[in-house]
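Visitor: File coords01.cif follows (mmCIF, C-alpha atoms):
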```
data_upload
#
loop_
_atom_site.label_atom_id
_atom_site.label_comp_id
_atom_site.auth_asym_id
_atom_site.auth_seq_id
_atom_site.Cartn_x
_atom_site.Cartn_y
_atom_site.Cartn_z
CA MET A 1 -37.73 4.83 41.30
CA GLY A 2 -35.81 7.75 39.78
CA ASN A 3 -32.57 5.76 39.74
CA GLY A 4 -34.38 2.86 38.06
CA ARG A 5 -35.56 5.11 35.23
CA LYS A 6 -32.09 6.61 34.90
CA ASN A 7 -30.41 3.21 34.75
CA GLY A 8 -33.03 1.97 32.29
CA ALA A 9 -32.49 4.97 30.02
CA SER A 10 -28.73 4.51 30.22
CA LEU A 11 -29.04 0.83 29.30
CA LEU A 12 -31.32 1.67 26.36
CA ALA A 13 -28.88 4.30 25.10
CA THR A 14 -26.02 1.80 25.35
CA LEU A 15 -27.98 -0.83 23.41
CA MET A 16 -28.83 1.72 20.72
CA ASN A 17 -25.17 2.71 20.49
CA ILE A 18 -24.12 -0.92 20.14
CA THR A 19 -26.76 -1.55 17.45
CA GLN A 20 -25.56 1.46 15.46
CA LEU A 21 -21.93 0.46 15.94
CA ILE A 22 -22.62 -3.01 14.54
CA GLU A 23 -24.21 -1.44 11.45
CA ASP A 24 -21.16 0.80 11.07
CA ILE A 25 -18.82 -2.18 11.41
CA TYR A 26 -20.44 -3.91 8.42
CA ALA A 27 -20.48 -0.66 6.44
CA ALA A 28 -16.72 -0.37 6.97
CA ALA A 29 -16.21 -3.74 5.24
CA VAL A 30 -16.97 -2.08 1.90
CA ALA A 31 -16.25 1.58 2.69
CA HIS A 32 -12.71 1.67 4.02
CA ASP A 33 -12.87 5.26 5.27
CA GLN A 34 -15.59 4.20 7.75
CA TRP A 35 -13.06 2.35 9.91
CA HIS A 36 -11.97 5.62 11.53
CA HIS A 37 -15.52 6.18 12.73
CA VAL A 38 -15.78 2.58 13.96
CA LEU A 39 -12.54 2.95 15.92
CA ASP A 40 -13.82 6.16 17.52
CA GLU A 41 -17.09 4.49 18.56
CA MET A 42 -15.35 1.38 19.94
CA ALA A 43 -13.37 3.65 22.24
CA ARG A 44 -16.40 5.72 23.21
CA ILE A 45 -18.50 2.80 24.47
CA VAL A 46 -15.78 1.90 27.01
CA ASP A 47 -14.80 5.50 27.85
CA GLY A 48 -11.48 5.11 26.01
CA GLU A 49 -9.34 7.76 24.37
CA GLY A 50 -9.12 6.08 20.98
CA SER A 51 -8.61 2.82 19.12
CA VAL A 52 -6.10 1.37 16.65
CA LEU A 53 -6.43 -1.28 13.97
CA PHE A 54 -3.11 -2.95 13.18
CA VAL A 55 -2.74 -5.37 10.27
CA THR A 56 0.37 -7.51 9.88
CA GLY A 57 1.31 -8.91 6.50
CA PRO A 58 4.30 -9.99 4.40
CA ASP A 59 5.33 -6.35 3.97
CA GLY A 60 5.23 -5.50 7.68
CA LEU A 61 2.81 -3.55 9.86
CA ARG A 62 0.00 -1.33 8.57
CA TRP A 63 -2.37 0.64 10.76
CA ILE A 64 -5.14 3.21 11.10
CA SER A 65 -6.31 4.85 14.30
CA SER A 66 -8.65 7.32 15.93
CA GLY A 67 -7.44 10.85 15.24
CA SER A 68 -7.27 11.58 18.96
CA ILE A 69 -4.40 9.14 19.56
CA ARG A 70 -2.81 9.13 16.10
CA PRO A 71 0.30 11.17 17.17
CA VAL A 72 1.01 8.68 19.97
CA VAL A 73 0.54 5.68 17.68
CA GLN A 74 2.76 7.30 15.03
CA GLU A 75 5.48 7.86 17.63
CA TRP A 76 5.17 4.27 18.82
CA VAL A 77 5.33 2.78 15.30
CA GLU A 78 8.22 4.92 14.09
CA GLY A 79 10.28 4.72 17.26
CA GLU A 80 11.96 1.94 19.19
CA TRP A 81 8.82 0.91 21.09
CA ALA A 82 7.27 -1.10 18.27
CA GLY A 83 10.15 -3.54 18.57
CA ARG A 84 9.90 -3.65 22.37
CA ASN A 85 6.18 -4.35 22.63
CA GLU A 86 5.92 -6.76 25.53
CA ARG A 87 2.14 -6.51 25.34
CA ILE A 88 2.08 -8.10 21.87
CA LYS A 89 4.58 -10.75 22.90
CA ARG A 90 2.32 -11.87 25.75
CA PHE A 91 -1.06 -11.59 24.06
CA MET A 92 -0.51 -12.70 20.45
CA PRO A 93 0.41 -16.36 21.14
CA ARG A 94 -2.79 -16.85 23.13
CA ASP A 95 -5.04 -16.38 20.07
CA GLU A 96 -8.18 -16.19 22.21
CA PRO A 97 -11.58 -15.29 20.66
CA ARG A 98 -12.24 -12.45 23.12
CA PHE A 99 -10.94 -9.05 24.18
CA LEU A 100 -8.02 -9.21 26.62
CA THR A 101 -7.00 -6.55 29.12
CA ASP A 102 -3.70 -5.64 30.75
CA PHE A 103 -4.35 -8.03 33.63
CA ASP A 104 -4.69 -10.98 31.23
CA GLY A 105 -1.00 -10.63 30.44
CA PHE A 106 0.60 -8.86 33.41
CA THR A 107 0.46 -8.88 37.17
CA VAL A 108 0.11 -5.56 39.00
CA ASP A 109 3.80 -5.64 39.93
CA GLU A 110 4.81 -6.36 36.33
CA LEU A 111 2.78 -3.39 35.07
CA GLU A 112 4.64 -1.14 37.51
CA ARG A 113 7.97 -2.32 36.08
CA GLU A 114 7.14 -2.67 32.37
CA PRO A 115 8.83 0.17 30.37
CA LEU A 116 6.05 0.23 27.74
CA TYR A 117 3.71 1.43 30.48
CA THR A 118 6.00 3.41 32.77
CA GLU A 119 8.13 5.13 30.10
CA PHE A 120 5.82 5.42 27.09
CA LEU A 121 2.09 5.08 27.76
CA ARG A 122 1.65 6.71 31.17
CA PRO A 123 3.76 9.81 30.41
CA ARG A 124 1.41 10.37 27.44
CA GLY A 125 -1.73 10.02 29.54
CA LEU A 126 -2.54 6.43 28.54
CA GLY A 127 -1.93 3.15 30.36
CA TRP A 128 -4.99 0.87 30.17
CA TYR A 129 -5.93 -1.38 27.31
CA ALA A 130 -8.37 -3.87 25.82
CA GLY A 131 -7.52 -5.67 22.60
CA THR A 132 -8.11 -8.69 20.41
CA ALA A 133 -6.37 -10.41 17.51
CA ILE A 134 -8.22 -11.84 14.50
CA ARG A 135 -6.62 -14.06 11.86
CA LEU A 136 -7.33 -12.91 8.30
CA PRO A 137 -8.48 -15.40 5.65
CA THR A 138 -6.00 -13.85 3.22
CA GLY A 139 -3.06 -14.29 5.61
CA GLY A 140 -1.75 -12.07 8.37
CA THR A 141 -3.50 -10.83 11.49
CA ALA A 142 -5.72 -7.87 12.38
CA MET A 143 -5.38 -6.48 15.90
CA PHE A 144 -7.82 -4.06 17.54
CA SER A 145 -6.45 -2.05 20.45
CA ILE A 146 -8.55 0.32 22.58
CA GLU A 147 -6.46 2.69 24.71
CA LYS A 148 -7.80 4.25 27.90
CA ALA A 149 -6.45 7.09 30.03
CA TYR A 150 -4.42 5.97 33.05
CA ARG A 151 -6.32 8.34 35.35
CA LYS A 152 -9.62 6.56 34.53
CA GLY A 153 -8.47 3.19 35.82
CA PRO A 154 -8.42 -0.21 34.09
CA MET A 155 -11.07 -1.64 31.78
CA GLN A 156 -14.07 -2.88 33.77
CA PRO A 157 -15.70 -6.33 33.21
CA GLN A 158 -18.89 -4.77 31.83
CA GLU A 159 -16.84 -2.74 29.33
CA VAL A 160 -15.02 -5.85 28.14
CA GLN A 161 -18.37 -7.61 27.79
CA LEU A 162 -19.57 -4.85 25.47
CA LEU A 163 -16.46 -5.29 23.32
CA ASP A 164 -16.90 -9.06 23.30
CA SER A 165 -20.47 -8.61 22.08
CA ILE A 166 -19.27 -6.82 18.92
CA ARG A 167 -16.24 -9.05 18.29
CA PRO A 168 -18.09 -11.62 16.08
CA HIS A 169 -19.18 -8.72 13.87
CA LEU A 170 -15.61 -7.42 13.69
CA VAL A 171 -14.45 -10.89 12.63
CA ARG A 172 -16.99 -11.09 9.81
CA SER A 173 -16.43 -7.51 8.69
CA ILE A 174 -12.65 -7.64 8.43
CA SER A 175 -12.87 -11.01 6.66
CA LEU A 176 -15.12 -9.36 4.09
CA ALA A 177 -12.81 -6.34 3.91
CA ALA A 178 -9.70 -8.47 3.38
CA ASN A 179 -11.36 -10.48 0.61
CA ALA A 180 -12.76 -7.32 -0.98
CA ALA A 181 -9.23 -5.89 -1.06
CA LEU A 182 -8.05 -8.88 -3.08
CA VAL A 183 -11.01 -8.48 -5.44
CA ARG A 184 -10.02 -4.85 -6.03
CA ALA A 185 -6.48 -5.95 -6.88
CA GLN A 186 -7.82 -8.65 -9.21
CA THR A 187 -10.08 -6.11 -10.93
CA ILE A 188 -7.11 -3.86 -11.70
CA VAL A 189 -4.98 -6.56 -13.31
CA THR A 190 -7.95 -8.10 -15.15
CA THR A 191 -8.92 -4.74 -16.64
CA LEU A 192 -5.37 -4.19 -17.87
CA ARG A 193 -5.32 -7.71 -19.30
CA HIS A 194 -8.28 -6.81 -21.49
CA VAL A 195 -6.25 -4.02 -23.11
CA GLY A 196 -3.31 -6.38 -23.62
CA MET A 197 -1.06 -5.18 -20.81
CA ALA A 198 0.89 -7.29 -18.35
CA ALA A 199 0.15 -6.02 -14.85
CA ALA A 200 0.73 -6.81 -11.18
CA VAL A 201 -0.45 -5.11 -7.99
CA LEU A 202 2.45 -4.72 -5.58
CA ARG A 203 2.84 -4.45 -1.83
CA ARG A 204 5.07 -1.78 -0.34
CA ASP A 205 8.06 -4.15 -0.36
CA GLY A 206 7.57 -4.92 -4.05
CA SER A 207 6.08 -8.38 -3.60
CA VAL A 208 3.17 -9.36 -5.84
CA VAL A 209 -0.40 -9.30 -4.47
CA GLU A 210 -2.13 -10.17 -7.76
CA ALA A 211 -0.99 -10.44 -11.38
CA ASN A 212 -2.64 -11.29 -14.70
CA GLU A 213 -1.62 -14.08 -17.06
CA HIS A 214 0.10 -11.62 -19.43
CA PHE A 215 2.45 -10.75 -16.59
CA PHE A 216 3.50 -14.35 -16.06
CA ARG A 217 4.08 -14.75 -19.79
CA THR A 218 6.79 -12.09 -19.83
CA GLY A 219 9.43 -14.56 -18.57
CA PRO A 220 12.35 -14.82 -18.54
CA ALA A 221 12.43 -11.01 -18.69
CA ILE A 222 10.31 -10.81 -15.49
CA LEU A 223 10.27 -13.61 -12.95
CA VAL A 224 8.51 -13.91 -9.59
CA THR A 225 10.55 -15.53 -6.81
CA ARG A 226 9.21 -17.91 -4.16
CA SER A 227 8.78 -14.95 -1.83
CA SER A 228 6.60 -13.27 -4.50
CA LYS A 229 9.28 -10.66 -5.25
CA ILE A 230 9.81 -9.43 -8.82
CA ASN A 231 13.14 -10.34 -10.38
CA PHE A 232 14.05 -8.53 -13.62
CA SER A 233 16.50 -9.99 -16.10
CA ASN A 234 18.97 -7.12 -15.73
CA ASP A 235 20.41 -5.24 -12.77
CA ILE A 236 19.65 -1.74 -14.10
CA ALA A 237 15.96 -2.58 -14.38
CA GLN A 238 16.01 -4.04 -10.86
CA LYS A 239 17.50 -0.84 -9.44
CA THR A 240 14.98 1.32 -11.28
CA LEU A 241 12.19 -0.83 -9.84
CA HIS A 242 13.62 -0.40 -6.32
CA ASP A 243 13.89 3.39 -6.77
CA SER A 244 10.37 3.62 -8.24
CA LEU A 245 8.84 1.68 -5.34
CA ALA A 246 10.61 3.96 -2.86
CA SER A 247 9.31 7.02 -4.73
CA VAL A 248 5.71 5.77 -4.75
CA HIS A 249 5.82 4.86 -1.06
CA ARG A 250 7.41 8.19 -0.12
CA ASP A 251 5.00 10.45 -2.01
CA PRO A 252 2.60 8.81 -4.49
CA ALA A 253 1.00 12.13 -5.44
CA SER A 254 4.24 13.53 -6.89
CA HIS A 255 5.65 10.22 -8.19
CA GLU A 256 6.78 10.45 -11.82
CA PRO A 257 6.81 7.00 -13.44
CA GLN A 258 10.19 6.15 -14.93
CA PRO A 259 10.50 3.68 -17.82
CA ILE A 260 12.07 0.39 -16.79
CA VAL A 261 13.62 -1.13 -19.90
CA VAL A 262 13.50 -4.77 -18.91
CA SER A 263 14.74 -6.34 -22.12
CA SER A 264 15.88 -4.75 -25.36
CA ALA A 265 17.44 -7.88 -26.88
CA ASP A 266 14.40 -10.15 -26.75
CA PRO A 267 13.37 -11.33 -30.25
CA GLY A 268 9.78 -10.46 -29.37
CA GLY A 269 10.66 -6.80 -28.87
CA ALA A 270 11.69 -4.53 -26.03
CA LEU A 271 9.75 -4.91 -22.79
CA VAL A 272 9.16 -1.64 -20.95
CA ALA A 273 7.59 -1.50 -17.47
CA TYR A 274 6.32 1.27 -15.20
CA VAL A 275 5.48 1.49 -11.50
CA MET A 276 2.26 3.45 -11.11
CA PRO A 277 0.71 4.72 -7.84
CA LEU A 278 -2.57 3.33 -6.51
CA MET A 279 -3.77 6.52 -4.91
CA GLN A 280 -7.24 5.20 -4.07
CA PHE A 281 -5.79 2.28 -2.06
CA ARG A 282 -2.99 4.15 -0.31
CA HIS A 283 -4.69 3.99 3.10
CA ASP A 284 -6.28 0.56 2.71
CA VAL A 285 -4.74 -1.44 5.55
CA PHE A 286 -6.08 -4.70 4.16
CA LEU A 287 -4.70 -4.41 0.63
CA GLY A 288 -1.41 -2.91 1.79
CA SER A 289 -0.62 -1.74 -1.73
CA THR A 290 0.51 1.63 -3.00
CA SER A 291 1.43 0.72 -6.57
CA PHE A 292 1.03 -1.53 -9.55
CA LEU A 293 3.44 -2.52 -12.29
CA VAL A 294 2.43 -2.44 -15.95
CA ALA A 295 4.57 -3.77 -18.77
CA THR A 296 4.17 -3.59 -22.54
CA ARG A 297 6.26 -4.96 -25.37
CA PHE A 298 7.28 -3.04 -28.44
CA ASP A 299 6.91 -5.22 -31.52
CA ARG A 300 10.22 -5.10 -33.39
CA ARG A 301 8.45 -5.94 -36.64
CA ARG A 302 6.98 -2.45 -36.82
CA SER A 303 7.79 1.02 -35.55
CA PRO A 304 5.82 2.11 -32.49
CA ASP A 305 2.93 4.51 -32.86
CA GLU A 306 3.79 8.06 -31.83
CA ARG A 307 0.82 8.17 -29.46
CA LEU A 308 2.17 5.07 -27.69
CA LEU A 309 5.55 6.79 -27.29
CA VAL A 310 3.84 9.79 -25.72
CA GLN A 311 1.88 7.62 -23.28
CA LEU A 312 4.63 5.22 -22.27
CA PHE A 313 7.63 7.52 -22.09
CA HIS A 314 5.91 10.86 -21.41
CA LEU A 315 7.38 12.30 -24.58
CA THR A 316 5.98 15.51 -25.95
CA PRO A 317 4.23 15.18 -29.33
CA THR A 318 7.22 16.99 -30.91
CA GLU A 319 9.69 14.56 -29.31
CA ALA A 320 7.60 11.62 -30.50
CA ARG A 321 7.66 12.96 -34.09
CA VAL A 322 11.44 13.33 -33.91
CA VAL A 323 11.76 9.72 -32.72
CA GLY A 324 9.43 8.54 -35.47
CA ARG A 325 11.53 10.21 -38.15
CA LEU A 326 14.73 8.88 -36.60
CA LEU A 327 13.36 5.36 -36.72
CA GLN A 328 12.51 5.85 -40.39
CA GLY A 329 16.20 6.40 -41.08
CA GLU A 330 16.36 10.19 -41.22
CA SER A 331 19.42 12.00 -39.91
CA VAL A 332 19.32 14.81 -37.36
CA LYS A 333 19.96 17.35 -40.15
CA GLN A 334 17.15 15.92 -42.28
CA ILE A 335 14.74 16.05 -39.34
CA ALA A 336 15.79 19.64 -38.59
CA ARG A 337 15.17 20.71 -42.21
CA ALA A 338 11.78 19.00 -42.29
CA GLN A 339 10.71 20.73 -39.09
CA ASP A 340 12.34 24.06 -39.97
CA VAL A 341 14.52 24.17 -36.85
CA THR A 342 18.24 23.95 -36.17
CA ALA A 343 20.09 20.66 -35.77
CA ASN A 344 20.96 21.71 -32.20
CA THR A 345 17.26 21.97 -31.41
CA ILE A 346 16.76 18.37 -32.58
CA ARG A 347 19.78 17.23 -30.56
CA MET A 348 18.35 18.92 -27.44
CA GLN A 349 15.02 17.17 -28.05
CA LEU A 350 16.81 13.85 -28.45
CA LYS A 351 18.70 14.49 -25.22
CA SER A 352 15.34 14.82 -23.47
CA VAL A 353 14.14 11.62 -25.16
CA PHE A 354 17.26 9.77 -23.98
CA ALA A 355 16.59 10.81 -20.38
CA LYS A 356 12.96 9.72 -20.56
CA THR A 357 13.69 6.34 -22.20
CA GLY A 358 16.76 5.51 -20.14
CA VAL A 359 19.28 5.34 -23.00
CA ASN A 360 22.42 7.33 -23.80
CA ARG A 361 22.78 7.25 -27.61
CA GLN A 362 20.75 7.17 -30.83
CA ALA A 363 21.81 3.60 -31.51
CA GLN A 364 20.47 2.47 -28.15
CA LEU A 365 17.18 4.27 -28.79
CA VAL A 366 16.79 2.52 -32.16
CA SER A 367 17.74 -0.80 -30.60
CA LEU A 368 15.04 -0.25 -28.01
CA LEU A 369 12.25 0.83 -30.32
CA ALA A 370 12.88 0.16 -33.98
CA MET A 371 12.18 -2.84 -36.16
CA HIS A 372 15.05 -5.10 -37.23
CA GLY A 373 17.30 -3.69 -39.90
CA SER A 374 16.35 -0.06 -39.37
CA HIS A 375 18.92 2.36 -40.64
CA VAL A 376 20.25 4.75 -38.03
CA GLY A 377 20.57 8.24 -39.45
CA ARG A 378 23.88 9.99 -39.10
CA ALA A 379 24.13 13.28 -37.23
#
```
Output the file's structure as structure tokens, nothing else.
Guide:
Amino acid sequence: MGNGRKNGASLLATLMNITQLIEDIYAAAVAHDQWHHVLDEMARIVDGEGSVLFVTGPDGLRWISSGSIRPVVQEWVEGEWAGRNERIKRFMPRDEPRFLTDFDGFTVDELEREPLYTEFLRPRGLGWYAGTAIRLPTGGTAMFSIEKAYRKGPMQPQEVQLLDSIRPHLVRSISLAANAALVRAQTIVTTLRHVGMAAAVLRRDGSVVEANEHFFRTGPAILVTRSSKINFSNDIAQKTLHDSLASVHRDPASHEPQPIVVSSADPGGALVAYVMPLMQFRHDVFLGSTSFLVATRFDRRRSPDERLLVQLFHLTPTEARVVGRLLQGESVKQIARAQDVTANTIRMQLKSVFAKTGVNRQAQLVSLLAMHGSHVGRA
């Protein structure tokens, strides 16, 4: 009688945990930071150590995990083991709508010989697994992996049944999350379109996730290849783009946007682009984006507003005034007299402007920014 009550209470607690987990799974579809909690709970209901969500896409592998196993997952991803994952090779082609365990892909003898288990997982206290793969509607695959301590023994049938019971909810939730990620990207480029800016949300490898119509009208200065990669009309701009993407991916918080002068000879005016970090989406495994590209064109029929120079090139207000006077045809000496400073001070300010705009001489600066026929002042 006592055991019956105990088993009944245990079953009720399990059902309550599953019900709450399902609610959390749907919450995670719109609140990305909730996935960590979901991964923790998925592991807890099967007595696991932690869970991982991997997402594959055009730019490679993205992942989030339970904090308890994050160091192990990080070591696996960054080391040689990610490329030697026999588990993935055996399970991925099966594409079955259920959770699989180690014994669905390996015999007992094979597990005792497989280096992933004997050399990596077991020495770190792990060694048993349940996982499932889910195709995303936006392309790519999401893979859930629950890792269990080797000392606890393999996943039991009743534990796998619990995971199978929540799988349909995982499928619906990550489908919603993947589509919501695209909507967020679309919102960014649409908002920038309304203020007249060409914009594209980029993946880590620089390929385009979403772009607005202004962006596609910048051609031939900016083209998008069949693989969705951006192709600028000059090599210097292409290198600056590559360096900017590397900077954003390495440390978005300290990234300093550099002007990418795409075209200074276009009759419509110079096209200047910037790679900007997407801090709020940095850890979104579904969007897989850390940056967006914005581009604006200087109209050669009129001199640019000083406030625009400050915003686009990070000039100081004083530097912007110096540029404005230079574009009006004043010489360095005339500008110095007007501002009651020495000519060397103006030259030092121009040197800073050159560095920020990516040019080397006054003539190049005027060619980049000024209207046709502007007189270049003499030093």
Visitor: Applying 12 Å and all atoms listed in the file, which residues near range 173-180 of chain A remain after dropping the ones on its own chain fewer than 5 positions away? List them as a ChimeraX atom specification.
Guide: /A:22-35,38,53-55,57,133-144,166-168,185-187,281,284-288
Visitor: So how many Å separate CA of Val275 in chain A and CA of Gln258 in chain A, to one decimal?
Guide: 7.5 Å
Visitor: Give me, please, the distance in Å between CA of Thr118 in chain A and CA of Ser51 in chain A, quoted to one decimal.
Guide: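 Taking CA of Thr118 in chain A and CA of Ser51 in chain A, their separation equals 20.0 Å.
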Visitor: Rank A:Ala363, A:Val322, A:Leu202, A:Arg307 by their smallest atom-to-atom distance to Asp59 in chain A, using only C-alpha atoms, and report the top residue only.
Guide: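 Using only C-alpha atoms, Asp59 in chain A sits closest to A:Leu202.
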Visitor: Return the single residue from A:Leu192, A:Val77, A:Ile236, A:Leu315 that is closest to Ala295 in chain A, with distances computed using all atoms listed in the file.
Guide: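 Selected residue with least distance to Ala295 in chain A: A:Leu192.
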Visitor: Return the single residue from A:Gly125, A:Glu119, A:Asp109, A:Phe103 that is closest to Pro157 in chain A, with distances computed using only C-alpha atoms.
Guide: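 Closest to Pro157 in chain A, using only C-alpha atoms: A:Phe103.
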